[in-house]
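> Sharing a structure with you now.
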Amino acid sequence: MAALEESQGRTRDQRSVFERYQDAAAEAGEPDAPVFAVEVTADGRPTDIEREEGEEAAFEEITSPFDPEHIDIDTRTTTVDLLLSRLRNEMIDLAPDFQRKAGIWTDGKQSRLIESLLLRIPIPSFYAAENKDGSWAIVDGIQRLTSIARFLEPQAVGADPLKLTGLEYLRNFEGASFTDLSGKLQIRLRETEVVVHVIRRGTPEPVMFNVFARINTGGEPLTRQEIRHALIPGRARTLLAELALTPEFRQATGYSVVGDRMADREMVLRFLAFRMTSPHAYRSGDFDAFLAEAMHQVNRLDSADEERLRNEFLTAMLSAKEIFGPHAFRKYRHNQQRKSPINKALFEAVAVSLASLGPDEREALREIDVLDAFADLAEDVDFERAISVGTGDARKVRKRFDAVKELFENALRAEGGGAEQ
């Protein structure tokens with residue numbers, strides 16, 4: 001029966017995902033503008049990055065048989081003052097370069113949080129992961145804690161003092177700073193009780209990821225890279241940020257990758273992960289665990305290996321821009337004019353494959369019309385699915401890397417400019 005249903009499913013619609021998008025666009029009167037599902041920014045605006053189908057379910061289940069005794073979540077009721085004390089003594093990691101922290105909550109929204117505390121309205125819980133030294137990495141509640149600190153002790157977060165604005169009820173406090181409040185209200189704020197759920201050290205990292213992936217921040221689920229960033233401190237954080245800000249990356253992606261949800265850093269990480277581990281050595285099918293381990297690997301790199309990977313990344317970005325032009329890392333069909341969104345699976349396959357070539361091969365590819373050959377490859381339904389649906393599957397990883405490698409090899413062979421195979 002299952003086989004029959006599967007067969008009937010193929011009969012109903014044999015088109016690829018790309019073709020269905022194209023047809024939907026044609027029906028909408030824009031035949032050259034594929035209607036791809038895209039990721040969104042923290043404030044809900046669409047980005048230029050294609051959303052991978054099936055990624056929402058990535059953390060729905062814990063697939064490994066973890067011992068429940070190792071899962072230790074401690075719920076604590078503490079006060080605002082104790083949280084600020086931890087901040088002052090560097091026992092709370094707000095991940096200073098956590099991009100969602102900056103520029104998302106307006107002064108008005110921060111002020112209304114303070115207003116809630118003054119009105120004794122409970123605020124949502126904080127979620128943290130305990131580090132080896134006993135400090136906490138705040139995963140959910142960064143904006144709330146930053147807002148509180150900015151009003152009470154701005155020096156603790158290196159921010160300008162917050163002056164209340166846009167209040168709904170306590171309008172007589174408009175423009176007030178913390179020092180303008182009466183001593184009674186200052187104490188009320190400091191003694192406000194809040195709930196912090198702390199996942200204790202020793203809890204398996206995949207379980208931490210699973211828990212935090214289910215948490216909503218202002219109604220918007222945390223992205224996988226935001227969780228990795230919060231839970232895995234170290235050099236990986238800053239290196240990913242540095243490479244994502246390079247002119248080479250920004251130019252190759254058409255200056256269109258919005259970084260406030262860390263999509264840019266995830267793309268850089270995917271490149272580094274498959275340069276450190278061959279796509280054919282990728283076996284688990286647990287793509288998120290693979291990328292988390294890659295961040296740990298980056299933290300262990302010596303300076304020579306880090307510099308080598310940096311140079312390979314920049315070289316791949318320059319080459320992709322010169323070879324594919326505005327369609328670099330995007331799905332493409334013959335004679336397509338408008339750009340499709342950036343595809344992360346294509347990004348890793350193309351960038352890593354370019355980094356694997358020699359300088360002469362990359363130079364030769366710049367003189368070849370690879371784009372038409374790539375359009376032919378896009379007709380392959382298996383390849384299209386390997387970059388669109390369930391992209392963490394090991395077979396699909398091998399499929400897209402092998403296909404891109406073969407694309408470059410065939411192009412070089414046809415021009416007689418390839419290196420010995």
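Quick note on naming: the chains in the structure tokens go A, B, ... in the order shown, residues restart at 1 in each chain, and ligands are numbered from 1 in order of appearance.
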Please provide as an MDAnalysis selection string all residues within 7 Å of Ser284 (chain A), with the sequence filter that same-chain residues fewer than 2 positions apart are discarded (counting only C-alpha atoms).

chainID A and resid 282 286 394

> For Ala159 (chain A), find every residue with an atom within 10 Å (counting only C-alpha atoms), except residues of its own chain fewer than 2 positions away, and show them as a ChimeraX atom specification.

/A:146-147,149-151,153-157,161-162

> Generate a file of the selected residues that holds all heavy atoms, formatted as an mmCIF file, in the first residue's frame.


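To be explicit, this is the file written out as out.cif:
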```
data_model
loop_
_atom_site.group_PDB
_atom_site.id
_atom_site.type_symbol
_atom_site.label_atom_id
_atom_site.label_comp_id
_atom_site.auth_asym_id
_atom_site.auth_seq_id
_atom_site.Cartn_x
_atom_site.Cartn_y
_atom_site.Cartn_z
ATOM 1 N N THR A 146 19.446 42.566 28.698
ATOM 2 C CA THR A 146 20.182 43.743 28.239
ATOM 3 C C THR A 146 19.384 45.017 28.517
ATOM 4 O O THR A 146 19.949 46.039 28.928
ATOM 5 C CB THR A 146 20.481 43.637 26.729
ATOM 6 O OG1 THR A 146 21.234 42.452 26.480
ATOM 7 C CG2 THR A 146 21.280 44.837 26.252
ATOM 8 N N SER A 147 18.074 44.972 28.302
ATOM 9 C CA SER A 147 17.226 46.142 28.552
ATOM 10 C C SER A 147 17.233 46.514 30.030
ATOM 11 O O SER A 147 17.330 47.700 30.394
ATOM 12 C CB SER A 147 15.793 45.858 28.096
ATOM 13 O OG SER A 147 15.753 45.549 26.719
ATOM 14 N N ALA A 149 19.545 45.743 32.294
ATOM 15 C CA ALA A 149 20.871 46.242 32.670
ATOM 16 C C ALA A 149 21.090 47.652 32.143
ATOM 17 O O ALA A 149 21.681 48.503 32.827
ATOM 18 C CB ALA A 149 21.949 45.304 32.130
ATOM 19 N N ARG A 150 20.603 47.914 30.940
ATOM 20 C CA ARG A 150 20.801 49.243 30.356
ATOM 21 C C ARG A 150 20.101 50.318 31.180
ATOM 22 O O ARG A 150 20.565 51.459 31.264
ATOM 23 C CB ARG A 150 20.271 49.244 28.922
ATOM 24 C CG ARG A 150 20.630 50.507 28.174
ATOM 25 C CD ARG A 150 20.077 50.516 26.775
ATOM 26 N NE ARG A 150 20.116 51.872 26.247
ATOM 27 C CZ ARG A 150 19.324 52.346 25.305
ATOM 28 N NH1 ARG A 150 18.407 51.555 24.754
ATOM 29 N NH2 ARG A 150 19.435 53.593 24.908
ATOM 30 N N PHE A 151 18.993 49.960 31.819
ATOM 31 C CA PHE A 151 18.286 50.942 32.643
ATOM 32 C C PHE A 151 18.907 51.056 34.032
ATOM 33 O O PHE A 151 19.136 52.163 34.530
ATOM 34 C CB PHE A 151 16.809 50.566 32.759
ATOM 35 C CG PHE A 151 15.978 51.609 33.458
ATOM 36 C CD1 PHE A 151 15.780 52.863 32.885
ATOM 37 C CD2 PHE A 151 15.396 51.346 34.692
ATOM 38 C CE1 PHE A 151 15.022 53.841 33.531
ATOM 39 C CE2 PHE A 151 14.630 52.308 35.341
ATOM 40 C CZ PHE A 151 14.450 53.560 34.769
ATOM 41 N N GLU A 153 21.978 49.425 35.289
ATOM 42 C CA GLU A 153 23.440 49.495 35.350
ATOM 43 C C GLU A 153 24.011 49.417 33.937
ATOM 44 O O GLU A 153 24.549 48.376 33.527
ATOM 45 C CB GLU A 153 24.004 48.369 36.218
ATOM 46 C CG GLU A 153 23.598 48.452 37.682
ATOM 47 C CD GLU A 153 24.286 47.386 38.542
ATOM 48 O OE1 GLU A 153 25.309 46.829 38.092
ATOM 49 O OE2 GLU A 153 23.786 47.126 39.650
ATOM 50 N N PRO A 154 23.888 50.479 33.154
ATOM 51 C CA PRO A 154 24.318 50.430 31.749
ATOM 52 C C PRO A 154 25.786 50.079 31.561
ATOM 53 O O PRO A 154 26.151 49.487 30.556
ATOM 54 C CB PRO A 154 24.017 51.850 31.246
ATOM 55 C CG PRO A 154 23.907 52.700 32.469
ATOM 56 C CD PRO A 154 23.363 51.801 33.525
ATOM 57 N N GLN A 155 26.616 50.406 32.575
ATOM 58 C CA GLN A 155 28.038 50.082 32.448
ATOM 59 C C GLN A 155 28.283 48.577 32.418
ATOM 60 O O GLN A 155 29.294 48.114 31.887
ATOM 61 C CB GLN A 155 28.850 50.716 33.599
ATOM 62 C CG GLN A 155 28.560 50.144 34.977
ATOM 63 C CD GLN A 155 27.326 50.753 35.645
ATOM 64 O OE1 GLN A 155 26.581 51.507 35.018
ATOM 65 N NE2 GLN A 155 27.133 50.434 36.919
ATOM 66 N N ALA A 156 27.352 47.793 32.939
ATOM 67 C CA ALA A 156 27.514 46.336 32.967
ATOM 68 C C ALA A 156 27.441 45.735 31.574
ATOM 69 O O ALA A 156 27.956 44.641 31.334
ATOM 70 C CB ALA A 156 26.457 45.696 33.866
ATOM 71 N N VAL A 157 26.786 46.435 30.638
ATOM 72 C CA VAL A 157 26.685 45.935 29.265
ATOM 73 C C VAL A 157 27.305 46.906 28.266
ATOM 74 O O VAL A 157 27.158 46.743 27.056
ATOM 75 C CB VAL A 157 25.199 45.675 28.879
ATOM 76 C CG1 VAL A 157 24.672 44.451 29.607
ATOM 77 C CG2 VAL A 157 24.323 46.889 29.148
ATOM 78 N N PRO A 161 22.879 54.802 28.866
ATOM 79 C CA PRO A 161 21.747 54.648 29.792
ATOM 80 C C PRO A 161 20.419 54.767 29.058
ATOM 81 O O PRO A 161 20.266 55.548 28.116
ATOM 82 C CB PRO A 161 21.938 55.816 30.771
ATOM 83 C CG PRO A 161 23.389 56.175 30.672
ATOM 84 C CD PRO A 161 23.772 55.898 29.248
ATOM 85 N N LEU A 162 19.463 53.973 29.490
ATOM 86 C CA LEU A 162 18.133 54.004 28.901
ATOM 87 C C LEU A 162 17.273 55.021 29.638
ATOM 88 O O LEU A 162 17.190 55.005 30.874
ATOM 89 C CB LEU A 162 17.477 52.622 28.991
ATOM 90 C CG LEU A 162 16.007 52.530 28.560
ATOM 91 C CD1 LEU A 162 15.875 52.807 27.057
ATOM 92 C CD2 LEU A 162 15.426 51.161 28.921
#
```

> Which is closest to Arg398 (chain A) among A:Phe274, A:Ala364, A:Arg333, A:Asn311, if we use only C-alpha atoms?

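Going through A:Phe274, A:Ala364, A:Arg333, A:Asn311 one by one, the smallest distance to Arg398 (chain A) is for A:Phe274.
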
> Looking at only C-alpha atoms, which of A:Val38, A:His197, A:Thr78, A:Leu239 is the one that sits closest to Glu307 (chain A)?

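Among the listed residues, the smallest separation from Glu307 (chain A) belongs to A:Leu239.
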
> Can you work out the spacing between CA of Arg400 (chain A) and CA of Arg385 (chain A) in Å, to one decimal?

9.2 Å

> Just want the 10 Å neighbourhood of His334 (chain A), counted on only C-alpha atoms, with same-chain residues fewer than 4 positions away dropped. Output as a PyMOL selection string.

chain A and resi 371-376+378-379

> Counting only C-alpha atoms, figure out which residue out of A:Ile387, A:Asp72, A:Phe313, A:Leu117 gets nearest to Asn343 (chain A).

A:Ile387

> What is the CA of Leu152 (chain A)-CA of Gly108 (chain A) distance in Å, reported with one decimal?

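Here the two named atoms are 15.9 Å from each other.
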
> For Leu365 (chain A), work out the shell of residues within 7 Å, counting only C-alpha atoms and skipping chain neighbours fewer than 3 positions away, then give it as a VMD selection string.

chain A and resid 323 361 to 362 368 412

> Out of A:Ser111, A:Ser278, A:Ser256, A:Ser135, which residue has the shortest atom-to-atom distance to Ser85 (chain A) when counting only C-alpha atoms?

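For Ser85 (chain A), the nearest of the given residues is A:Ser135.
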
> What's the 12 Å shell around Ala414 (chain A), counting only C-alpha atoms, without same-chain residues fewer than 3 positions away, as a list in words?

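Residues near the query, excluding close chain neighbours: Ala364, Leu365, Ile368, Asp369, Val370, Ala373, Glu406, Leu407, Phe408, Glu409, Asn410, Ala411, Gly417, Gly418 and Ala419 of chain A.
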
> In terms of the shortest atom-to-atom distance over only C-alpha atoms, which of A:Val268, A:Ala345, A:Met317, A:Leu119 is closest to Leu189 (chain A)?

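Among the listed residues, A:Leu119 lies closest to Leu189 (chain A).
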
> Run DSSP on the backbone of this structure and report the residues of region 190-354 of chain A it assigns to alpha helix (DSSP H), as a PyMOL selection string.

chain A and resi 190+205-213+224-231+235-244+247-252+263-276+287-300+303-324+344-354

> What lies within 8 Å of region 182-186 of chain A using only C-alpha atoms, ignoring chain neighbours under 4 positions off, as a PyMOL selection string?

chain A and resi 118+178+190

> Could you tell me which of A:Ala316, A:Ala273, A:Val257, A:Ile138 comes closest to Glu226 (chain A) if we count only C-alpha atoms?

A:Ile138

> Counting only C-alpha atoms, what is within 9 Å of Met295 (chain A), bar same-chain residues fewer than 6 positions away, as an mmCIF file with C-alpha atoms, in the first residue's frame?


```cif
data_model
loop_
_atom_site.group_PDB
_atom_site.id
_atom_site.type_symbol
_atom_site.label_atom_id
_atom_site.label_comp_id
_atom_site.auth_asym_id
_atom_site.auth_seq_id
_atom_site.Cartn_x
_atom_site.Cartn_y
_atom_site.Cartn_z
ATOM 1 C CA ARG A 228 25.231 27.161 18.327
ATOM 2 C CA HIS A 229 26.584 30.655 18.857
ATOM 3 C CA ILE A 232 29.684 27.157 21.937
ATOM 4 C CA PRO A 233 31.902 30.066 22.963
ATOM 5 C CA GLY A 234 35.440 30.473 21.707
ATOM 6 C CA ARG A 235 37.360 31.510 18.620
ATOM 7 C CA ALA A 236 34.695 30.048 16.309
ATOM 8 C CA ARG A 237 32.328 32.865 17.237
ATOM 9 C CA LEU A 269 30.485 27.523 9.108
ATOM 10 C CA LEU A 272 34.620 25.422 7.096
ATOM 11 C CA ALA A 273 32.903 22.210 8.204
#
```

> Take CA of Asp305 (chain A) and CA of Arg275 (chain A) and report the distance between them in Å, one decimal.

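Answer for the CA of Asp305 (chain A) to CA of Arg275 (chain A) separation: 10.9 Å.
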